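Source file: input-v7.cif (mmCIF, N, CA and C atoms)
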data_protein
loop_
_atom_site.label_atom_id
_atom_site.label_comp_id
_atom_site.auth_asym_id
_atom_site.auth_seq_id
_atom_site.Cartn_x
_atom_site.Cartn_y
_atom_site.Cartn_z
N MET T 1 -49.92 -91.37 11.53
CA MET T 1 -50.31 -91.29 12.91
C MET T 1 -51.39 -90.21 13.11
N VAL T 2 -51.16 -89.03 12.56
CA VAL T 2 -52.13 -87.95 12.67
C VAL T 2 -53.42 -88.33 11.95
N MET T 3 -53.31 -88.96 10.78
CA MET T 3 -54.48 -89.38 10.02
C MET T 3 -55.30 -90.41 10.80
N GLY T 4 -54.62 -91.35 11.46
CA GLY T 4 -55.31 -92.37 12.26
C GLY T 4 -56.08 -91.75 13.42
N ARG T 5 -55.48 -90.77 14.08
CA ARG T 5 -56.13 -90.09 15.20
C ARG T 5 -57.34 -89.29 14.72
N MET T 6 -57.24 -88.64 13.58
CA MET T 6 -58.37 -87.88 13.02
C MET T 6 -59.53 -88.81 12.68
N ILE T 7 -59.22 -89.97 12.13
CA ILE T 7 -60.27 -90.94 11.80
C ILE T 7 -60.93 -91.43 13.08
N THR T 8 -60.16 -91.70 14.12
CA THR T 8 -60.71 -92.16 15.40
C THR T 8 -61.62 -91.10 15.99
N LEU T 9 -61.20 -89.83 15.98
CA LEU T 9 -62.02 -88.75 16.49
C LEU T 9 -63.30 -88.59 15.68
N LEU T 10 -63.21 -88.69 14.37
CA LEU T 10 -64.37 -88.58 13.50
C LEU T 10 -65.36 -89.70 13.78
N LEU T 11 -64.87 -90.92 13.92
CA LEU T 11 -65.75 -92.05 14.22
C LEU T 11 -66.41 -91.90 15.58
N SER T 12 -65.65 -91.42 16.58
CA SER T 12 -66.23 -91.20 17.91
C SER T 12 -67.35 -90.18 17.83
N PHE T 13 -67.14 -89.10 17.09
CA PHE T 13 -68.15 -88.07 16.93
C PHE T 13 -69.39 -88.63 16.24
N LEU T 14 -69.21 -89.39 15.18
CA LEU T 14 -70.35 -89.96 14.45
C LEU T 14 -71.15 -90.92 15.32
N VAL T 15 -70.47 -91.75 16.10
CA VAL T 15 -71.17 -92.69 16.99
C VAL T 15 -71.95 -91.91 18.04
N ALA T 16 -71.34 -90.92 18.66
CA ALA T 16 -72.02 -90.12 19.69
C ALA T 16 -73.21 -89.40 19.09
N PHE T 17 -73.06 -88.82 17.91
CA PHE T 17 -74.14 -88.10 17.25
C PHE T 17 -75.29 -89.04 16.91
N THR T 18 -74.97 -90.21 16.37
CA THR T 18 -76.00 -91.18 15.99
C THR T 18 -76.76 -91.68 17.21
N VAL T 19 -76.07 -92.01 18.29
CA VAL T 19 -76.73 -92.50 19.50
C VAL T 19 -77.63 -91.44 20.09
N SER T 20 -77.15 -90.21 20.20
CA SER T 20 -77.99 -89.16 20.77
C SER T 20 -79.17 -88.87 19.86
N GLY T 21 -78.99 -88.93 18.56
CA GLY T 21 -80.10 -88.72 17.63
C GLY T 21 -81.15 -89.80 17.77
N CYS T 22 -80.72 -91.05 17.95
CA CYS T 22 -81.67 -92.14 18.13
C CYS T 22 -82.45 -91.99 19.42
N LEU T 23 -81.76 -91.67 20.50
CA LEU T 23 -82.44 -91.53 21.78
C LEU T 23 -83.42 -90.37 21.75
N GLY T 24 -83.05 -89.27 21.13
CA GLY T 24 -83.96 -88.14 21.01
C GLY T 24 -85.19 -88.51 20.21
N SER T 25 -85.03 -89.30 19.19
CA SER T 25 -86.14 -89.72 18.35
C SER T 25 -87.11 -90.59 19.12
N VAL T 26 -86.59 -91.53 19.93
CA VAL T 26 -87.44 -92.42 20.70
C VAL T 26 -88.21 -91.63 21.75
N ALA T 27 -87.54 -90.75 22.45
CA ALA T 27 -88.19 -89.99 23.50
C ALA T 27 -89.25 -89.05 22.95
N SER T 28 -89.06 -88.51 21.77
CA SER T 28 -89.99 -87.53 21.23
C SER T 28 -91.19 -88.16 20.53
N SER T 29 -91.26 -89.50 20.42
CA SER T 29 -92.38 -90.12 19.73
C SER T 29 -93.59 -90.32 20.63
N ARG T 30 -93.49 -89.93 21.89
CA ARG T 30 -94.60 -90.11 22.83
C ARG T 30 -95.61 -88.98 22.67
N PRO T 31 -96.90 -89.32 22.53
CA PRO T 31 -97.91 -88.27 22.43
C PRO T 31 -98.21 -87.66 23.80
N THR T 32 -98.99 -86.59 23.81
CA THR T 32 -99.44 -85.95 25.04
C THR T 32 -100.96 -85.96 25.05
N ALA T 33 -101.56 -86.61 26.05
CA ALA T 33 -103.02 -86.70 26.16
C ALA T 33 -103.56 -85.48 26.90
N ARG T 34 -104.65 -84.93 26.40
CA ARG T 34 -105.37 -83.83 27.04
C ARG T 34 -106.84 -84.21 27.04
N LEU T 35 -107.50 -84.04 28.19
CA LEU T 35 -108.90 -84.44 28.32
C LEU T 35 -109.71 -83.33 28.98
N GLU T 36 -110.82 -82.99 28.34
CA GLU T 36 -111.77 -82.03 28.88
C GLU T 36 -113.14 -82.70 28.89
N ALA T 37 -114.02 -82.27 29.81
CA ALA T 37 -115.37 -82.83 29.89
C ALA T 37 -116.35 -81.74 30.29
N ALA T 38 -117.59 -81.85 29.78
CA ALA T 38 -118.64 -80.91 30.15
C ALA T 38 -119.99 -81.61 30.03
N PRO T 39 -120.83 -81.52 31.03
CA PRO T 39 -120.55 -80.99 32.37
C PRO T 39 -119.77 -82.00 33.20
N MET T 40 -119.16 -81.53 34.28
CA MET T 40 -118.41 -82.43 35.15
C MET T 40 -119.24 -82.87 36.35
N THR T 41 -120.36 -82.19 36.59
CA THR T 41 -121.33 -82.57 37.61
C THR T 41 -122.69 -82.65 36.93
N LEU T 42 -123.38 -83.78 37.10
CA LEU T 42 -124.63 -84.00 36.40
C LEU T 42 -125.52 -84.95 37.18
N ASP T 43 -126.74 -85.13 36.72
CA ASP T 43 -127.67 -86.07 37.31
C ASP T 43 -127.61 -87.39 36.56
N ALA T 44 -127.89 -88.48 37.28
CA ALA T 44 -127.92 -89.80 36.65
C ALA T 44 -128.88 -89.78 35.46
N GLY T 45 -128.46 -90.37 34.35
CA GLY T 45 -129.26 -90.38 33.13
C GLY T 45 -128.87 -89.28 32.15
N ASP T 46 -128.04 -88.35 32.60
CA ASP T 46 -127.58 -87.27 31.71
C ASP T 46 -126.25 -87.66 31.06
N GLY T 47 -125.92 -86.96 29.97
CA GLY T 47 -124.71 -87.25 29.22
C GLY T 47 -123.60 -86.26 29.48
N VAL T 48 -122.38 -86.71 29.24
CA VAL T 48 -121.17 -85.89 29.34
C VAL T 48 -120.47 -85.93 27.99
N SER T 49 -120.03 -84.79 27.50
CA SER T 49 -119.23 -84.72 26.28
C SER T 49 -117.76 -84.68 26.68
N PHE T 50 -117.00 -85.66 26.17
CA PHE T 50 -115.57 -85.74 26.43
C PHE T 50 -114.83 -85.28 25.18
N ASP T 51 -113.79 -84.47 25.39
CA ASP T 51 -113.03 -83.92 24.27
C ASP T 51 -111.54 -84.15 24.49
N GLY T 52 -110.94 -84.92 23.61
CA GLY T 52 -109.51 -85.18 23.66
C GLY T 52 -108.79 -84.60 22.46
N ARG T 53 -109.47 -83.68 21.74
CA ARG T 53 -108.89 -83.14 20.51
C ARG T 53 -107.69 -82.24 20.73
N LEU T 54 -107.43 -81.82 21.97
CA LEU T 54 -106.22 -81.03 22.25
C LEU T 54 -105.02 -81.93 22.50
N SER T 55 -105.21 -83.26 22.46
CA SER T 55 -104.08 -84.18 22.56
C SER T 55 -103.19 -83.98 21.35
N SER T 56 -101.89 -84.23 21.51
CA SER T 56 -100.96 -83.97 20.42
C SER T 56 -99.87 -85.04 20.38
N THR T 57 -99.15 -85.06 19.27
CA THR T 57 -98.01 -85.96 19.11
C THR T 57 -96.97 -85.24 18.26
N PRO T 58 -95.70 -85.53 18.46
CA PRO T 58 -94.66 -84.85 17.69
C PRO T 58 -94.81 -85.08 16.19
N GLU T 59 -94.48 -84.06 15.41
CA GLU T 59 -94.49 -84.16 13.94
C GLU T 59 -93.48 -85.20 13.49
N PRO T 60 -93.69 -85.94 12.48
CA PRO T 60 -94.83 -85.95 11.58
C PRO T 60 -95.89 -86.96 12.00
N GLY T 61 -95.88 -87.40 13.26
CA GLY T 61 -96.80 -88.43 13.73
C GLY T 61 -98.24 -87.95 13.83
N VAL T 62 -99.14 -88.91 13.96
CA VAL T 62 -100.56 -88.63 14.14
C VAL T 62 -101.12 -89.54 15.22
N ILE T 63 -102.15 -89.08 15.90
CA ILE T 63 -102.83 -89.93 16.88
C ILE T 63 -103.79 -90.81 16.11
N VAL T 64 -103.69 -92.12 16.33
CA VAL T 64 -104.50 -93.08 15.58
C VAL T 64 -105.60 -93.72 16.42
N SER T 65 -105.52 -93.58 17.76
CA SER T 65 -106.51 -94.25 18.61
C SER T 65 -106.76 -93.46 19.88
N TYR T 66 -108.04 -93.34 20.24
CA TYR T 66 -108.46 -92.75 21.49
C TYR T 66 -109.23 -93.83 22.25
N MET T 67 -108.69 -94.29 23.39
CA MET T 67 -109.36 -95.31 24.20
C MET T 67 -109.95 -94.62 25.42
N TRP T 68 -111.27 -94.67 25.53
CA TRP T 68 -112.00 -94.00 26.59
C TRP T 68 -112.42 -95.02 27.64
N ASP T 69 -112.12 -94.75 28.90
CA ASP T 69 -112.61 -95.54 30.03
C ASP T 69 -113.41 -94.56 30.88
N PHE T 70 -114.73 -94.75 30.95
CA PHE T 70 -115.61 -93.77 31.57
C PHE T 70 -115.68 -93.90 33.09
N GLY T 71 -115.03 -94.92 33.66
CA GLY T 71 -114.98 -95.07 35.10
C GLY T 71 -116.20 -95.72 35.71
N ASP T 72 -117.13 -96.15 34.87
CA ASP T 72 -118.34 -96.82 35.37
C ASP T 72 -118.48 -98.23 34.79
N GLY T 73 -117.37 -98.76 34.28
CA GLY T 73 -117.39 -100.09 33.69
C GLY T 73 -117.54 -100.08 32.18
N GLU T 74 -117.80 -98.93 31.59
CA GLU T 74 -117.97 -98.80 30.14
C GLU T 74 -116.69 -98.26 29.52
N THR T 75 -116.33 -98.80 28.35
CA THR T 75 -115.17 -98.30 27.59
C THR T 75 -115.56 -98.18 26.12
N LYS T 76 -114.76 -97.41 25.40
CA LYS T 76 -115.00 -97.23 23.97
C LYS T 76 -113.68 -96.80 23.32
N THR T 77 -113.41 -97.31 22.11
CA THR T 77 -112.23 -96.89 21.36
C THR T 77 -112.70 -96.22 20.08
N THR T 78 -112.14 -95.04 19.79
CA THR T 78 -112.53 -94.28 18.60
C THR T 78 -111.28 -93.80 17.87
N SER T 79 -111.49 -93.35 16.64
CA SER T 79 -110.41 -92.74 15.89
C SER T 79 -110.52 -91.22 15.92
N SER T 80 -111.58 -90.71 16.57
CA SER T 80 -111.73 -89.26 16.72
C SER T 80 -111.59 -88.90 18.19
N GLY T 81 -111.31 -87.66 18.47
CA GLY T 81 -111.05 -87.22 19.84
C GLY T 81 -112.26 -86.67 20.56
N PHE T 82 -113.48 -87.08 20.16
CA PHE T 82 -114.68 -86.54 20.78
C PHE T 82 -115.69 -87.67 20.95
N VAL T 83 -116.30 -87.75 22.14
CA VAL T 83 -117.29 -88.80 22.40
C VAL T 83 -118.24 -88.31 23.50
N THR T 84 -119.46 -88.85 23.51
CA THR T 84 -120.44 -88.55 24.55
C THR T 84 -120.78 -89.84 25.27
N HIS T 85 -120.99 -89.74 26.58
CA HIS T 85 -121.33 -90.92 27.39
C HIS T 85 -122.43 -90.56 28.38
N ILE T 86 -123.38 -91.47 28.58
CA ILE T 86 -124.47 -91.28 29.53
C ILE T 86 -124.15 -92.08 30.79
N TYR T 87 -124.18 -91.40 31.93
CA TYR T 87 -123.94 -92.04 33.22
C TYR T 87 -125.28 -92.40 33.87
N THR T 88 -125.41 -93.63 34.31
CA THR T 88 -126.63 -94.08 34.97
C THR T 88 -126.42 -94.36 36.46
N LYS T 89 -125.17 -94.52 36.88
CA LYS T 89 -124.85 -94.84 38.27
C LYS T 89 -124.35 -93.59 38.99
N PRO T 90 -125.01 -93.23 40.11
CA PRO T 90 -124.53 -92.07 40.87
C PRO T 90 -123.17 -92.34 41.51
N GLY T 91 -122.44 -91.26 41.78
CA GLY T 91 -121.16 -91.36 42.46
C GLY T 91 -120.08 -90.61 41.72
N ARG T 92 -118.85 -90.76 42.23
CA ARG T 92 -117.68 -90.13 41.61
C ARG T 92 -117.06 -91.14 40.66
N HIS T 93 -116.88 -90.75 39.41
CA HIS T 93 -116.30 -91.62 38.39
C HIS T 93 -115.04 -90.93 37.83
N THR T 94 -113.96 -91.69 37.72
CA THR T 94 -112.74 -91.15 37.13
C THR T 94 -112.69 -91.63 35.68
N ALA T 95 -112.90 -90.70 34.76
CA ALA T 95 -112.84 -91.01 33.33
C ALA T 95 -111.40 -90.87 32.87
N LYS T 96 -110.98 -91.79 31.98
CA LYS T 96 -109.59 -91.80 31.53
C LYS T 96 -109.55 -91.89 30.01
N LEU T 97 -108.60 -91.18 29.43
CA LEU T 97 -108.34 -91.22 27.99
C LEU T 97 -106.91 -91.69 27.77
N ILE T 98 -106.74 -92.70 26.92
CA ILE T 98 -105.41 -93.14 26.50
C ILE T 98 -105.30 -92.90 25.01
N VAL T 99 -104.33 -92.08 24.60
CA VAL T 99 -104.10 -91.81 23.18
C VAL T 99 -102.89 -92.61 22.71
N THR T 100 -102.98 -93.10 21.47
CA THR T 100 -101.88 -93.86 20.86
C THR T 100 -101.55 -93.22 19.52
N ASN T 101 -100.25 -93.00 19.26
CA ASN T 101 -99.87 -92.44 17.96
C ASN T 101 -99.44 -93.54 17.00
N ASN T 102 -99.13 -93.15 15.76
CA ASN T 102 -98.79 -94.12 14.71
C ASN T 102 -97.46 -94.83 14.95
N GLU T 103 -96.67 -94.39 15.94
CA GLU T 103 -95.42 -95.06 16.27
C GLU T 103 -95.59 -95.98 17.48
N GLY T 104 -96.82 -96.11 18.00
CA GLY T 104 -97.08 -96.97 19.15
C GLY T 104 -96.89 -96.30 20.49
N GLY T 105 -96.55 -95.01 20.50
CA GLY T 105 -96.40 -94.28 21.75
C GLY T 105 -97.77 -94.01 22.37
N THR T 106 -97.83 -94.00 23.71
CA THR T 106 -99.10 -93.76 24.40
C THR T 106 -98.92 -92.75 25.52
N ASP T 107 -100.03 -92.13 25.90
CA ASP T 107 -100.09 -91.26 27.06
C ASP T 107 -101.53 -91.28 27.54
N GLN T 108 -101.74 -90.91 28.80
CA GLN T 108 -103.09 -90.90 29.33
C GLN T 108 -103.37 -89.66 30.16
N ALA T 109 -104.65 -89.33 30.27
CA ALA T 109 -105.11 -88.22 31.09
C ALA T 109 -106.42 -88.66 31.73
N SER T 110 -106.75 -88.09 32.89
CA SER T 110 -108.00 -88.46 33.55
C SER T 110 -108.68 -87.22 34.11
N ILE T 111 -109.98 -87.39 34.41
CA ILE T 111 -110.79 -86.29 34.94
C ILE T 111 -111.90 -86.89 35.80
N ALA T 112 -112.27 -86.19 36.87
CA ALA T 112 -113.32 -86.67 37.77
C ALA T 112 -114.69 -86.17 37.31
N ILE T 113 -115.65 -87.10 37.29
CA ILE T 113 -117.04 -86.79 36.94
C ILE T 113 -117.90 -87.13 38.16
N PHE T 114 -118.78 -86.20 38.56
CA PHE T 114 -119.65 -86.40 39.72
C PHE T 114 -121.08 -86.55 39.24
N VAL T 115 -121.69 -87.71 39.56
CA VAL T 115 -123.05 -88.01 39.11
C VAL T 115 -123.96 -88.05 40.33
N ASN T 116 -124.98 -87.17 40.35
CA ASN T 116 -125.94 -87.11 41.44
C ASN T 116 -127.03 -88.15 41.21
N GLY T 117 -127.48 -88.79 42.29
CA GLY T 117 -128.60 -89.72 42.20
C GLY T 117 -129.90 -88.96 42.01
N LEU T 118 -130.84 -89.61 41.39
CA LEU T 118 -132.16 -88.99 41.21
C LEU T 118 -132.88 -88.98 42.55
N PRO T 119 -133.68 -87.94 42.81
CA PRO T 119 -134.41 -87.89 44.09
C PRO T 119 -135.47 -88.99 44.14
N GLU T 120 -135.71 -89.46 45.35
CA GLU T 120 -136.73 -90.48 45.56
C GLU T 120 -137.96 -89.81 46.14
N ILE T 121 -139.10 -90.05 45.55
CA ILE T 121 -140.35 -89.44 46.02
C ILE T 121 -141.16 -90.51 46.74
N ILE T 122 -141.53 -90.21 47.97
CA ILE T 122 -142.35 -91.12 48.75
C ILE T 122 -143.68 -90.42 49.04
N LEU T 123 -144.75 -91.02 48.58
CA LEU T 123 -146.09 -90.47 48.81
C LEU T 123 -146.79 -91.28 49.89
N ASN T 124 -147.23 -90.60 50.93
CA ASN T 124 -148.00 -91.24 51.99
C ASN T 124 -149.44 -90.81 51.81
N THR T 125 -150.31 -91.76 51.71
CA THR T 125 -151.74 -91.45 51.59
C THR T 125 -152.44 -91.93 52.85
N PRO T 126 -153.45 -91.21 53.27
CA PRO T 126 -154.18 -91.64 54.48
C PRO T 126 -154.90 -92.97 54.21
N SER T 127 -155.01 -93.79 55.24
CA SER T 127 -155.68 -95.08 55.08
C SER T 127 -157.18 -94.93 54.99
N SER T 128 -157.72 -93.86 55.55
CA SER T 128 -159.17 -93.63 55.41
C SER T 128 -159.43 -92.14 55.29
N VAL T 129 -160.54 -91.84 54.65
CA VAL T 129 -160.87 -90.44 54.43
C VAL T 129 -162.11 -90.07 55.19
#

Once you've parsed the file, please lay out its structure as C-alpha cells.
Amino acid sequence: MVMGRMITLLLSFLVAFTVSGCLGSVASSRPTARLEAAPMTLDAGDGVSFDGRLSSTPEPGVIVSYMWDFGDGETKTTSSGFVTHIYTKPGRHTAKLIVTNNEGGTDQASIAIFVNGLPEIILNTPSSV
C-alpha cells in the first residue's frame, strides 16, 4: 500500500515536471525584435539605415530571417539584421521588422519614418522686357 502511494506520487511529480518543462520551452522559443533607424526624418530621395542586429532569441536558437516592410509598399527579406532603403514618397511611413528564429518563433517591431517632400521652384519671367 505504501509502495503504491509512493509510485503514484512519483508519477504525479514526473508528469507535472514534464508538462511545465514543455510549456516553458515553448514560451521561451519566441525571439525579441529590436529596430533602430537613422535618420528618422529625411528628404525624399534620401536613404535610411535600418538596424535589427539588437534582436535576440533564447539560446541555443538563432535568428534566421529578417523581413523588412518599409511602409511605402516596398519589402525585403534578409538573413542579416542591417539594410538600407531609399524613400521617394513624402509622408509618414511606419517601417516594420519581423524576425524569425530557427524554431519558427516570430516577433515584430516598428518605427516611424518622416519623409519631407522636395521643394517646388516656380520661376515667373516677365512677358516683355

Margin query: At a cut-off of 8 Å, using only N, CA and C atoms, what residues contact Pro39 of chain T? Leave out same-chain residues fewer than 2 positions from it and give the result as a list in words.
Written below: Glu36, Ala37, Thr41, Leu42, Gly47, Val48, Ser49, Phe50, Ala112, Ile113 and Phe114 of chain T

Note to self: Can you tell me which residues surround segment 79-92 of chain T at a distance of at most 12 Å, considering only C-alpha atoms, apart from same-chain residues fewer than 3 positions away, and format the answer as number ranges by chain?
What the structure shows: T: 33-56, 62-76, 95, 97-102, 111-119

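These are the residues of segment 36-72 of chain T assigned strand (DSSP E) by DSSP from backbone coordinates: T:Glu36, T:Ala37, T:Ala38, T:Thr41, T:Leu42, T:Asp43, T:Gly47, T:Val48, T:Ser49, T:Phe50, T:Asp51, T:Ile63, T:Val64, T:Ser65, T:Tyr66, T:Met67, T:Trp68, T:Asp69.
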
Check: Interatomic distance between atom C of Thr57 of chain T and atom CA of Pro31 of chain T?
Finding: 5.2 Å

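One distance worth recording is that between atom CA of Ala109 of chain T and atom CA of Pro60 of chain T, which is 22.2 Å.
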
Margin query: So the first atom is atom C of Lys96 of chain T and the second is atom CA of Glu59 of chain T; what is the distance between them in Å, to one decimal place?
Written below: 23.3 Å

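Distances to Glu103 of chain T were evaluated for T:Glu120, T:Ser127, T:Gly61, T:Thr77 using all atoms listed in the file, and the minimum falls at T:Gly61.
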
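Checking T:Thr106, T:Thr94, T:Leu123, T:Thr78 one by one against Ser29 of chain T, counting only C-alpha atoms, you find the shortest gap at T:Thr106.
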
Residue rebuild result segment 77-90 of chain T, N, CA, C and O atoms as a compact mmCIF listing (two decimals), in the frame of the given file:
# COMPACT_ATOMS: atom_id res chain seq x y z
N THR T 77 -113.41 -97.31 22.11
CA THR T 77 -112.23 -96.89 21.36
C THR T 77 -112.70 -96.22 20.08
O THR T 77 -113.56 -96.76 19.38
N THR T 78 -112.14 -95.04 19.79
CA THR T 78 -112.53 -94.28 18.60
C THR T 78 -111.28 -93.80 17.87
O THR T 78 -110.18 -93.80 18.41
N SER T 79 -111.49 -93.35 16.64
CA SER T 79 -110.41 -92.74 15.89
C SER T 79 -110.52 -91.22 15.92
O SER T 79 -109.67 -90.53 15.38
N SER T 80 -111.58 -90.71 16.57
CA SER T 80 -111.73 -89.26 16.72
C SER T 80 -111.59 -88.90 18.19
O SER T 80 -111.77 -89.74 19.07
N GLY T 81 -111.31 -87.66 18.47
CA GLY T 81 -111.05 -87.22 19.84
C GLY T 81 -112.26 -86.67 20.56
O GLY T 81 -112.12 -85.90 21.50
N PHE T 82 -113.48 -87.08 20.16
CA PHE T 82 -114.68 -86.54 20.78
C PHE T 82 -115.69 -87.67 20.95
O PHE T 82 -115.91 -88.45 20.03
N VAL T 83 -116.30 -87.75 22.14
CA VAL T 83 -117.29 -88.80 22.40
C VAL T 83 -118.24 -88.31 23.50
O VAL T 83 -117.88 -87.45 24.30
N THR T 84 -119.46 -88.85 23.51
CA THR T 84 -120.44 -88.55 24.55
C THR T 84 -120.78 -89.84 25.27
O THR T 84 -120.86 -90.90 24.66
N HIS T 85 -120.99 -89.74 26.58
CA HIS T 85 -121.33 -90.92 27.39
C HIS T 85 -122.43 -90.56 28.38
O HIS T 85 -122.41 -89.48 28.96
N ILE T 86 -123.38 -91.47 28.58
CA ILE T 86 -124.47 -91.28 29.53
C ILE T 86 -124.15 -92.08 30.79
O ILE T 86 -123.89 -93.28 30.71
N TYR T 87 -124.18 -91.40 31.93
CA TYR T 87 -123.94 -92.04 33.22
C TYR T 87 -125.28 -92.40 33.87
O TYR T 87 -126.16 -91.55 33.97
N THR T 88 -125.41 -93.63 34.31
CA THR T 88 -126.63 -94.08 34.97
C THR T 88 -126.42 -94.36 36.46
O THR T 88 -127.38 -94.44 37.21
N LYS T 89 -125.17 -94.52 36.88
CA LYS T 89 -124.85 -94.84 38.27
C LYS T 89 -124.35 -93.59 38.99
O LYS T 89 -123.39 -92.96 38.54
N PRO T 90 -125.01 -93.23 40.11
CA PRO T 90 -124.53 -92.07 40.87
C PRO T 90 -123.17 -92.34 41.51
O PRO T 90 -122.78 -93.49 41.72
